[in-house]
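So this block is final31.cif, mmCIF, C-alpha atoms:
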data_run
loop_
_atom_site.label_atom_id
_atom_site.label_comp_id
_atom_site.auth_asym_id
_atom_site.auth_seq_id
_atom_site.Cartn_x
_atom_site.Cartn_y
_atom_site.Cartn_z
CA VAL A 32 320.27 146.64 12.76
CA ARG A 33 317.91 149.32 14.07
CA VAL A 34 314.44 150.64 13.25
CA GLY A 35 314.62 153.43 10.66
CA MET A 36 317.92 152.27 9.22
CA SER A 37 318.33 152.56 5.45
CA CYS A 38 319.69 149.46 3.73
CA ALA A 39 319.47 147.26 0.69
CA ALA A 40 317.16 144.25 1.11
CA LEU A 41 316.65 141.13 -0.93
CA PHE A 42 313.10 140.84 -2.33
CA ASP A 43 312.18 137.16 -2.27
CA GLU A 44 309.94 137.12 -5.34
CA ASP A 45 312.62 138.07 -7.86
CA GLU A 46 315.72 137.72 -5.65
CA ALA A 47 316.84 141.22 -6.55
CA TRP A 48 318.19 143.92 -4.22
CA TYR A 49 316.18 147.09 -3.54
CA ARG A 50 316.52 150.13 -1.35
CA ALA A 51 314.65 149.62 1.92
CA LYS A 52 314.10 150.96 5.42
CA VAL A 53 313.73 148.87 8.57
CA LEU A 54 310.25 149.18 10.07
CA GLU A 55 310.36 146.61 12.85
CA ILE A 56 312.70 144.15 14.56
CA VAL A 57 310.76 140.89 14.36
CA ASP A 58 313.23 138.65 16.23
CA ASP A 59 316.92 137.97 16.49
CA ILE A 60 317.23 136.85 12.88
CA SER A 61 314.58 138.78 10.94
CA VAL A 62 313.20 142.28 10.41
CA LYS A 63 310.30 143.88 8.59
CA VAL A 64 311.33 146.34 5.89
CA VAL A 65 309.52 148.64 3.49
CA PHE A 66 310.91 148.95 -0.03
CA CYS A 67 311.07 152.72 -0.22
CA ASP A 68 310.87 153.02 -4.00
CA TYR A 69 307.79 150.76 -4.30
CA GLY A 70 305.88 150.95 -1.01
CA ASN A 71 305.47 147.23 -0.31
CA SER A 72 306.82 145.63 2.85
CA GLN A 73 308.23 142.20 3.69
CA VAL A 74 309.83 140.29 6.54
CA VAL A 75 313.40 139.38 5.58
CA ALA A 76 316.31 137.66 7.30
CA THR A 77 319.01 139.93 8.65
CA THR A 78 321.40 138.02 6.40
CA ALA A 79 319.41 139.43 3.44
CA LEU A 80 320.32 143.03 4.36
CA ARG A 81 323.26 145.05 3.05
CA LYS A 82 324.67 148.47 3.85
CA MET A 83 324.29 151.09 1.13
CA SER A 84 326.75 153.74 0.06
CA PRO A 85 325.79 157.39 0.73
CA ALA A 86 325.22 157.84 -3.01
CA LEU A 87 322.40 155.28 -2.85
CA VAL A 88 320.94 156.51 0.45
CA GLN A 89 320.77 160.19 -0.50
CA PRO A 90 318.15 160.22 -3.30
CA PRO A 91 314.60 160.60 -1.94
CA CYS A 92 312.27 157.62 -1.97
CA PHE A 93 310.24 157.27 -5.16
CA ALA A 94 307.24 155.67 -3.43
CA VAL A 95 304.90 158.20 -1.77
CA GLN A 96 302.28 157.06 0.73
CA CYS A 97 298.84 158.50 0.06
CA VAL A 98 295.18 157.97 0.92
CA LEU A 99 292.68 157.23 -1.85
CA SER A 100 290.14 160.03 -2.21
CA GLY A 101 286.74 158.92 -0.93
CA TYR A 102 288.25 156.33 1.42
CA GLU A 103 289.57 158.59 4.18
CA GLU A 104 287.30 156.84 6.70
CA CYS A 105 289.11 153.57 5.97
CA VAL A 106 292.50 154.76 7.29
CA GLY A 107 293.73 152.22 9.83
CA ALA A 108 291.55 149.42 8.44
CA ASN A 109 292.49 146.72 5.96
CA PHE A 110 290.68 146.27 2.64
CA ASP A 111 289.28 142.81 2.05
CA ASP A 112 290.78 140.70 -0.72
CA ALA A 113 287.98 141.55 -3.18
CA THR A 114 288.53 145.30 -2.76
CA CYS A 115 292.31 144.96 -3.02
CA ASN A 116 292.00 142.90 -6.18
CA ALA A 117 289.52 145.36 -7.69
CA LEU A 118 291.82 148.31 -6.93
CA HIS A 119 294.83 146.46 -8.35
CA GLY A 120 292.89 145.81 -11.55
CA LEU A 121 291.94 149.46 -11.88
CA LEU A 122 295.46 150.81 -11.29
CA SER A 123 297.86 148.22 -12.68
CA GLU A 124 299.58 148.31 -16.05
CA GLN A 125 298.25 151.67 -17.14
CA PRO A 126 299.25 155.30 -16.59
CA VAL A 127 297.08 157.27 -14.17
CA SER A 128 297.00 160.92 -13.21
CA ALA A 129 297.00 161.95 -9.56
CA MET A 130 295.70 165.14 -7.96
CA ALA A 131 296.08 165.89 -4.24
CA THR A 132 292.78 167.02 -2.75
CA GLY A 133 293.84 167.42 0.89
CA ASN A 134 295.67 165.74 3.75
CA CYS A 135 294.85 162.97 6.18
CA GLN A 136 296.51 161.80 9.41
CA VAL A 137 298.09 158.35 9.18
CA ASP A 138 299.95 157.21 12.31
CA GLY A 139 300.32 160.84 13.36
CA VAL A 140 301.78 161.94 10.01
CA ASP A 141 300.11 164.13 7.39
CA VAL A 142 299.60 162.07 4.22
CA PRO A 143 298.15 163.49 0.99
CA VAL A 144 294.64 162.46 -0.07
CA VAL A 145 294.83 161.75 -3.81
CA GLN A 146 292.24 161.45 -6.55
CA PHE A 147 293.37 159.11 -9.33
CA MET A 148 292.05 159.25 -12.91
CA ASP A 149 292.82 156.81 -15.70
CA VAL A 150 293.64 157.79 -19.29
CA ASN A 151 289.92 157.84 -20.16
CA GLY A 152 289.06 160.20 -17.32
CA LEU A 153 287.56 157.49 -15.12
CA ASN A 154 287.65 158.37 -11.41
CA ILE A 155 289.30 155.36 -9.76
CA SER A 156 287.53 155.92 -6.41
CA VAL A 157 284.13 155.98 -8.11
CA ALA A 158 284.98 152.88 -10.12
CA LEU A 159 286.20 151.00 -7.03
CA LYS A 160 283.05 151.70 -5.05
CA ALA A 161 280.91 150.66 -7.99
CA SER A 162 282.79 147.44 -8.60
CA THR A 163 282.61 146.31 -4.96
CA ALA A 164 278.99 147.28 -4.21
CA PRO A 165 276.68 144.42 -3.24
CA VAL A 166 274.18 143.08 -5.77
CA LEU A 167 270.58 143.38 -4.56
CA PRO A 168 268.53 140.17 -4.44
CA SER A 169 266.28 139.67 -7.46
CA GLY A 170 263.16 141.77 -7.31
CA THR A 171 264.30 144.09 -4.50
CA ALA A 172 265.85 146.86 -6.62
CA VAL A 173 263.47 149.81 -6.89
CA VAL A 174 264.30 153.03 -8.72
CA ALA A 175 262.01 155.79 -7.51
CA HIS A 176 260.22 158.27 -9.72
CA GLY A 177 261.62 161.80 -9.84
CA ALA A 178 260.22 164.91 -8.23
CA GLN A 179 256.72 165.98 -9.29
CA LEU A 180 256.59 168.66 -11.97
CA GLN A 181 254.15 171.42 -11.08
CA VAL A 182 251.54 172.91 -13.41
CA GLY A 183 252.63 176.41 -14.44
CA ALA A 184 256.31 175.70 -13.78
CA GLU A 185 259.19 175.93 -16.23
CA ALA A 186 261.54 172.96 -16.41
CA ALA A 187 264.93 172.83 -18.16
CA MET A 188 265.25 169.51 -19.98
CA PHE A 189 267.31 167.52 -22.46
CA VAL A 190 265.44 165.43 -25.02
CA SER A 191 266.52 161.78 -24.78
CA PHE A 192 264.12 159.99 -27.13
CA VAL A 193 261.40 160.97 -29.60
CA GLU A 194 258.78 158.22 -29.56
CA SER A 195 256.47 160.04 -31.97
CA SER A 196 255.77 163.59 -33.08
CA ASN A 197 253.81 164.15 -29.86
CA LYS A 198 255.46 161.80 -27.36
CA ILE A 199 258.87 163.09 -26.36
CA TRP A 200 261.00 161.70 -23.54
CA CYS A 201 263.09 164.23 -21.65
CA GLN A 202 265.63 164.30 -18.81
CA PRO A 203 265.95 167.08 -16.18
CA ALA A 204 268.95 169.27 -16.99
CA ASP A 205 269.80 169.86 -13.33
CA THR A 206 270.64 166.17 -12.78
CA ALA A 207 272.54 165.62 -16.04
CA GLY A 208 275.86 165.43 -14.21
CA ALA A 209 274.58 162.84 -11.74
CA LEU A 210 273.23 160.74 -14.61
CA ALA A 211 276.58 160.93 -16.44
CA ASP A 212 278.37 159.73 -13.28
CA LEU A 213 275.87 156.88 -12.91
CA GLN A 214 276.42 155.78 -16.52
CA GLU A 215 280.17 155.76 -15.95
CA GLN A 216 279.72 153.53 -12.90
CA LEU A 217 277.33 151.20 -14.75
CA ALA A 218 279.98 150.65 -17.42
CA VAL A 219 282.61 149.79 -14.81
CA VAL A 220 280.43 147.24 -13.03
CA TYR A 221 278.53 145.53 -15.83
CA GLU A 222 281.14 145.34 -18.56
CA ALA A 223 282.96 142.97 -16.20
CA ALA A 224 279.83 141.29 -14.82
CA THR A 225 279.59 137.53 -14.56
CA SER A 226 276.69 135.10 -14.84
CA ALA A 227 276.45 135.15 -11.04
CA GLN A 228 274.85 138.58 -11.32
CA HIS A 229 272.00 137.41 -13.56
CA PRO A 230 268.67 137.48 -11.70
CA GLN A 231 267.36 134.03 -10.86
CA SER A 232 264.10 135.03 -12.54
CA LEU A 233 262.73 138.06 -14.34
CA ASN A 234 259.39 139.50 -13.27
CA LEU A 235 257.29 142.33 -14.66
CA GLY A 236 258.25 145.64 -13.09
CA MET A 237 261.68 144.43 -11.96
CA CYS A 238 264.45 147.04 -12.18
CA VAL A 239 267.61 145.74 -13.86
CA ALA A 240 270.76 146.72 -15.72
CA ALA A 241 270.37 145.86 -19.40
CA LEU A 242 272.59 146.03 -22.48
CA TYR A 243 271.47 148.47 -25.19
CA ASP A 244 272.55 146.95 -28.49
CA VAL A 245 273.07 150.22 -30.39
CA ASP A 246 276.07 151.38 -28.35
CA GLN A 247 276.72 148.20 -26.31
CA GLY A 248 276.32 150.17 -23.09
CA PHE A 249 274.50 149.19 -19.92
CA TYR A 250 271.52 151.22 -18.72
CA ARG A 251 268.97 151.04 -15.93
CA GLY A 252 265.79 149.39 -17.09
CA GLU A 253 262.45 147.99 -16.04
CA VAL A 254 261.14 144.65 -17.28
CA GLN A 255 257.84 145.02 -19.15
CA ARG A 256 257.45 141.63 -20.84
CA VAL A 257 259.24 138.27 -20.51
CA THR A 258 259.70 135.44 -23.02
CA PRO A 259 261.71 132.23 -22.57
CA ARG A 260 264.95 133.83 -23.85
CA THR A 261 264.37 137.59 -23.89
CA ALA A 262 262.72 140.42 -22.02
CA GLU A 263 261.27 143.70 -23.19
CA VAL A 264 263.03 146.39 -21.17
CA PHE A 265 262.02 150.03 -20.72
CA PHE A 266 265.10 152.19 -20.15
CA LEU A 267 264.25 154.27 -17.09
CA ASP A 268 266.47 157.26 -17.83
CA TYR A 269 265.86 157.59 -21.58
CA GLY A 270 262.32 156.44 -22.37
CA ASN A 271 263.00 153.93 -25.16
CA THR A 272 262.16 150.24 -25.05
CA GLN A 273 264.08 147.29 -26.47
CA THR A 274 263.99 143.50 -26.52
CA VAL A 275 267.09 142.28 -24.67
CA GLN A 276 268.57 138.79 -24.38
CA LYS A 277 268.29 137.45 -20.83
CA THR A 278 272.05 136.86 -20.89
CA ASP A 279 272.49 140.64 -21.21
CA ILE A 280 270.34 141.50 -18.18
CA PHE A 281 271.82 141.79 -14.67
CA GLY A 282 270.68 142.59 -11.16
CA LEU A 283 271.19 146.17 -9.97
CA THR A 284 273.74 146.97 -7.28
CA ALA A 285 272.58 149.16 -4.42
CA GLN A 286 274.04 152.50 -5.48
CA PHE A 287 272.24 152.40 -8.84
CA THR A 288 268.87 152.81 -7.16
CA GLU A 289 269.73 156.10 -5.46
CA LEU A 290 269.21 158.45 -8.43
CA PRO A 291 265.49 158.65 -9.32
CA ARG A 292 264.49 157.54 -12.82
CA GLN A 293 265.22 160.43 -15.18
CA ALA A 294 262.93 159.89 -18.17
CA VAL A 295 259.90 162.19 -18.23
CA LEU A 296 257.26 161.76 -20.94
CA CYS A 297 256.08 165.01 -22.54
CA GLN A 298 253.27 165.57 -25.02
CA LEU A 299 253.08 168.88 -26.79
CA HIS A 300 250.24 171.09 -25.60
CA ARG A 301 249.67 172.06 -29.21
CA PRO A 302 250.18 168.69 -30.94
CA LEU A 303 251.83 168.18 -34.29
CA ALA A 304 250.54 165.93 -37.06
CA ASP A 305 251.05 162.27 -36.12
CA THR A 306 253.27 161.42 -39.11
CA GLU A 307 256.79 160.16 -39.67
CA ASP A 308 257.67 163.40 -41.48
CA ALA A 309 256.57 165.46 -38.48
CA LYS A 310 258.58 163.19 -36.18
CA ALA A 311 261.70 163.58 -38.37
CA GLU A 312 261.34 167.39 -38.38
CA LEU A 313 260.92 167.38 -34.61
CA GLU A 314 264.03 165.22 -34.10
CA GLU A 315 266.09 167.54 -36.28
CA LEU A 316 264.91 170.64 -34.40
CA ILE A 317 265.52 169.35 -30.87
CA ASP A 318 268.47 167.00 -31.40
CA GLN A 319 270.92 167.25 -28.45
CA THR A 320 269.56 170.65 -27.48
CA GLU A 321 268.47 171.85 -24.07
CA CYS A 322 264.85 172.88 -24.03
CA THR A 323 262.38 174.46 -21.62
CA LEU A 324 259.02 172.89 -20.83
CA LEU A 325 256.17 175.19 -19.85
CA ILE A 326 254.02 172.73 -17.88
CA LYS A 327 250.32 172.87 -18.70
CA SER A 328 249.12 169.69 -16.97
CA VAL A 329 250.44 166.56 -15.25
CA ASP A 330 249.11 163.07 -15.83
CA SER A 331 248.65 161.59 -12.35
CA ALA A 332 248.08 158.11 -13.82
CA THR A 333 251.78 157.79 -14.57
CA ALA A 334 253.13 158.59 -11.09
CA ASN A 335 254.00 162.16 -12.14
CA SER A 336 256.19 160.96 -15.01
CA ALA A 337 254.12 162.46 -17.85
CA VAL A 338 253.32 166.07 -18.61
CA VAL A 339 251.58 168.18 -21.24
CA ALA A 340 253.68 171.23 -22.06
CA ASP A 341 254.78 173.83 -24.53
CA MET A 342 258.37 173.13 -25.54
CA ILE A 343 260.74 176.04 -26.14
CA VAL A 344 264.08 175.55 -27.96
CA ASP A 345 266.45 178.51 -28.40
CA GLY A 346 263.57 180.87 -27.67
CA THR A 347 261.30 179.29 -30.31
CA ASP A 348 258.10 177.40 -29.56
CA VAL A 349 258.43 173.95 -31.17
CA SER A 350 254.75 173.67 -32.10
CA THR A 351 254.80 177.07 -33.78
CA ALA A 352 258.04 176.33 -35.63
CA LEU A 353 256.70 173.04 -36.99
CA GLY A 354 253.22 174.18 -37.99
CA GLY A 355 251.21 173.05 -35.00
CA PRO A 356 247.93 174.73 -33.97
CA GLN A 357 247.97 178.26 -32.65
CA PRO A 358 247.30 178.82 -28.93
CA ASP A 359 243.66 179.82 -29.45
CA GLU A 360 243.02 176.58 -31.35
CA VAL A 361 243.76 174.38 -28.34
CA GLN A 362 240.47 173.35 -26.76
CA GLN A 363 241.57 171.57 -23.57
CA PRO A 364 244.51 169.79 -21.96
CA ILE A 365 245.11 166.36 -23.45
CA ALA A 366 246.79 164.59 -20.54
CA ALA A 367 244.55 161.57 -21.01
CA ALA A 368 246.33 160.82 -24.29
CA LEU A 369 249.56 160.26 -22.38
CA SER A 370 248.44 157.25 -20.40
CA VAL A 371 251.33 154.89 -19.76
CA ALA A 372 250.80 151.96 -17.46
CA PRO A 373 252.57 152.64 -14.16
CA PRO A 374 255.08 150.05 -12.97
#
Since I need it in another form, could you write the structure as structure tokens?
Amino acid sequence: VRVGMSCAALFDEDEAWYRAKVLEIVDDISVKVVFCDYGNSQVVATTALRKMSPALVQPPCFAVQCVLSGYEECVGANFDDATCNALHGLLSEQPVSAMATGNCQVDGVDVPVVQFMDVNGLNISVALKASTAPVLPSGTAVVAHGAQLQVGAEAAMFVSFVESSNKIWCQPADTAGALADLQEQLAVVYEAATSAQHPQSLNLGMCVAALYDVDQGFYRGEVQRVTPRTAEVFFLDYGNTQTVQKTDIFGLTAQFTELPRQAVLCQLHRPLADTEDAKAELEELIDQTECTLLIKSVDSATANSAVVADMIVDGTDVSTALGGPQPDEVQQPIAAALSVAPP
């Protein structure tokens, strides 16, 4: 028996024979082998080795060593049990696609760095990091406000929620991809969350992950009111508010505080009639459409999260299209009407 020798080895879990290669001579009666069609290794007795015919030795090994994309810095280190179990759960018993993104040195040999995606397009590296991130202690998670919008600037936005005909919640278009990635990670972590991740107590202003009952998805939120069994939660990236059962509210993990809150409150510079009909017409006009805000004023009382603006959709001014006042009919900025209590 010698290191590097190809052989058949008995795998002790199912007592079946598999192609293997000797990695190490452990002692006089045992060796460490790697099963070359599966990648796992095991110490076996030399009596559990058999010679293979050339016809069995010749085919290349089916198992290919690779490095998980995003974990190149971990080469040479061992994952803890929690990370190994999480990765096994993400990869086992389902087809995945693999794309080589580069190479990495492992024991002096070039090994491909691979990005894995599941059948739903979930990036396995992203999901693994999300599922193993530490939960922040209750009350310590803070999601910062976004960058200040400047008077006179133009801002590309997506409308996320129409509160009324003159209160419209928007999200910056330039961070839409980052928000989509964050939502994907939230789903991975909190759909499998346990009661251990419930905050010990809920306090006003606390940032949490909360279940939205319309689509059964988890979103970043801020607690605004607490009752014995529920909490009123403001969804930080969308602008809507909902009463959520405490059993559907969880503490945020660290990476979910990195992206600033995305919801920006906008009131039209030339306001529409405050009616349900006007709100319905507005929703139909701006539904799932990118718009441009022409910033007229910023309400400093809301930590730069509220603006007064003209809203342009497909080159058309929303106020003009829906019968709002003409520009010369606007007397003064109406930022004061936007007041929302800061967290």
What would the selection look like, as an NGL selection string, if the PyMOL selection byres ((chain A and resi 197-199) around 8) were run on the coordinates I just shared? :A and (190-196 or 200-201 or 296-299 or 302-303 or 305 or 310 or 369)
Output C-alpha atoms for every residue in the selection just made, as a JSON list (two decimals), in the frame of the given file.
[["chain", "number", "residue", "atom", "x", "y", "z"],
["A", 190, "VAL", "CA", 265.44, 165.43, -25.02],
["A", 191, "SER", "CA", 266.52, 161.78, -24.78],
["A", 192, "PHE", "CA", 264.12, 159.99, -27.13],
["A", 193, "VAL", "CA", 261.40, 160.97, -29.60],
["A", 194, "GLU", "CA", 258.78, 158.22, -29.56],
["A", 195, "SER", "CA", 256.47, 160.04, -31.97],
["A", 196, "SER", "CA", 255.77, 163.59, -33.08],
["A", 200, "TRP", "CA", 261.00, 161.70, -23.54],
["A", 201, "CYS", "CA", 263.09, 164.23, -21.65],
["A", 296, "LEU", "CA", 257.26, 161.76, -20.94],
["A", 297, "CYS", "CA", 256.08, 165.01, -22.54],
["A", 298, "GLN", "CA", 253.27, 165.57, -25.02],
["A", 299, "LEU", "CA", 253.08, 168.88, -26.79],
["A", 302, "PRO", "CA", 250.18, 168.69, -30.94],
["A", 303, "LEU", "CA", 251.83, 168.18, -34.29],
["A", 305, "ASP", "CA", 251.05, 162.27, -36.12],
["A", 310, "LYS", "CA", 258.58, 163.19, -36.18],
["A", 369, "LEU", "CA", 249.56, 160.26, -22.38]]
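Residues matching the PyMOL selection byres ((chain A and resi 75) around 6) in this structure come to Ser61, Val62, Val74 and Ala76 of chain A.
Among A:Gln136, A:Gln146, A:Gln319, A:Thr77, the residue with the shortest atom-to-atom distance to Asp58 in chain A, counting only C-alpha atoms, is A:Thr77.
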Shell around Cys38 in chain A at 6 Å using only C-alpha atoms, local window under 4 positions removed, as a PyMOL selection string: chain A and resi 51+81-83
Closest to Arg260 in chain A among A:Gln273, A:Ser100, A:Thr278, A:Gln247, using only C-alpha atoms? A:Thr278
Restrict the calculation to all atoms listed in the file, then for each residue of range 280-338 of chain A with any atom at most 8 Å from an atom of range 219-237 of chain A give the closest atom pair and their distance in Å to one decimal, rows by chain and rising residue number, as a tab-separated table.
residue	atom	partner	partner_atom	distance
A:Ile280	CA	A:His229	CA	6.4
A:Phe281	CA	A:His229	CA	4.5
A:Gly282	CA	A:Pro230	CA	5.5
Do you know which residues are at most 10 Å from Leu267 in chain A counting all atoms listed in the file, after dropping those on the same chain fewer than 6 positions away, and could you put them as a tab-separated table (two decimals) with C-alpha atoms, keeping the file's coordinate frame?
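This is the output file out_34.tsv:
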chain	number	residue	atom	x	y	z
A	174	VAL	CA	264.30	153.03	-8.72
A	175	ALA	CA	262.01	155.79	-7.51
A	176	HIS	CA	260.22	158.27	-9.72
A	238	CYS	CA	264.45	147.04	-12.18
A	239	VAL	CA	267.61	145.74	-13.86
A	250	TYR	CA	271.52	151.22	-18.72
A	251	ARG	CA	268.97	151.04	-15.93
A	252	GLY	CA	265.79	149.39	-17.09
A	253	GLU	CA	262.45	147.99	-16.04
A	291	PRO	CA	265.49	158.65	-9.32
A	292	ARG	CA	264.49	157.54	-12.82
A	293	GLN	CA	265.22	160.43	-15.18
A	294	ALA	CA	262.93	159.89	-18.17
A	295	VAL	CA	259.90	162.19	-18.23
When the PyMOL selection byres ((chain A and resi 152) around 12) is applied to the file above, which residues end up in the set, as a VMD selection string? chain A and resid 126 to 129 146 to 151 153 to 158 212 215
Saved selection, atoms kept: C-alpha atoms, as a compact mmCIF listing (two decimals), in the coordinates of the input:
# COMPACT_ATOMS: atom_id res chain seq x y z
CA PRO A 126 299.25 155.30 -16.59
CA VAL A 127 297.08 157.27 -14.17
CA SER A 128 297.00 160.92 -13.21
CA ALA A 129 297.00 161.95 -9.56
CA GLN A 146 292.24 161.45 -6.55
CA PHE A 147 293.37 159.11 -9.33
CA MET A 148 292.05 159.25 -12.91
CA ASP A 149 292.82 156.81 -15.70
CA VAL A 150 293.64 157.79 -19.29
CA ASN A 151 289.92 157.84 -20.16
CA LEU A 153 287.56 157.49 -15.12
CA ASN A 154 287.65 158.37 -11.41
CA ILE A 155 289.30 155.36 -9.76
CA SER A 156 287.53 155.92 -6.41
CA VAL A 157 284.13 155.98 -8.11
CA ALA A 158 284.98 152.88 -10.12
CA ASP A 212 278.37 159.73 -13.28
CA GLU A 215 280.17 155.76 -15.95
Residue neighbourhood Ala352 in chain A, 12 Å, only C-alpha atoms, exclusion window fewer than 5 positions, as a PyMOL selection string: chain A and resi 301-303+309+312-313+315-317+341-347+357
Give me a file of those residues, with C-alpha atoms, as a PDB file, keeping the file's coordinate frame.
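What landed in result.pdb:
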ATOM      1  CA  ARG A 301     249.670 172.060 -29.210  1.00  0.00           C
ATOM      2  CA  PRO A 302     250.180 168.690 -30.940  1.00  0.00           C
ATOM      3  CA  LEU A 303     251.830 168.180 -34.290  1.00  0.00           C
ATOM      4  CA  ALA A 309     256.570 165.460 -38.480  1.00  0.00           C
ATOM      5  CA  GLU A 312     261.340 167.390 -38.380  1.00  0.00           C
ATOM      6  CA  LEU A 313     260.920 167.380 -34.610  1.00  0.00           C
ATOM      7  CA  GLU A 315     266.090 167.540 -36.280  1.00  0.00           C
ATOM      8  CA  LEU A 316     264.910 170.640 -34.400  1.00  0.00           C
ATOM      9  CA  ILE A 317     265.520 169.350 -30.870  1.00  0.00           C
ATOM     10  CA  ASP A 341     254.780 173.830 -24.530  1.00  0.00           C
ATOM     11  CA  MET A 342     258.370 173.130 -25.540  1.00  0.00           C
ATOM     12  CA  ILE A 343     260.740 176.040 -26.140  1.00  0.00           C
ATOM     13  CA  VAL A 344     264.080 175.550 -27.960  1.00  0.00           C
ATOM     14  CA  ASP A 345     266.450 178.510 -28.400  1.00  0.00           C
ATOM     15  CA  GLY A 346     263.570 180.870 -27.670  1.00  0.00           C
ATOM     16  CA  THR A 347     261.300 179.290 -30.310  1.00  0.00           C
ATOM     17  CA  GLN A 357     247.970 178.260 -32.650  1.00  0.00           C
TER      18      GLN A 357
END
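CA of Glu55 in chain A is positioned 26.7 Å from CA of Asn116 in chain A.
Between CA of Thr288 in chain A and CA of Asp111 in chain A the interatomic distance comes to 24.5 Å.
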Correct to one decimal, the distance CA of Asp308 in chain A-CA of Ser328 in chain A is 26.7 Å
Provide an axis-aligned box for all listed atoms of range 128-140 of chain A, padding each side by 4 Å; report its centre and its edge lengths in Å to one decimal, as JSON.
{"center_x": 297.3, "center_y": 162.3, "center_z": 0.1, "size_x": 17.0, "size_y": 18.2, "size_z": 34.6}
Using all atoms listed in the file for the distances, tell me which of A:Glu185, A:Asp279, A:Asp112, A:Asp246 is nearest to Lys327 in chain A. A:Glu185
With distances taken over all atoms listed in the file, which residue among A:Val142, A:Leu159, A:Ala86, A:Val254 lies nearest Leu122 in chain A? A:Leu159
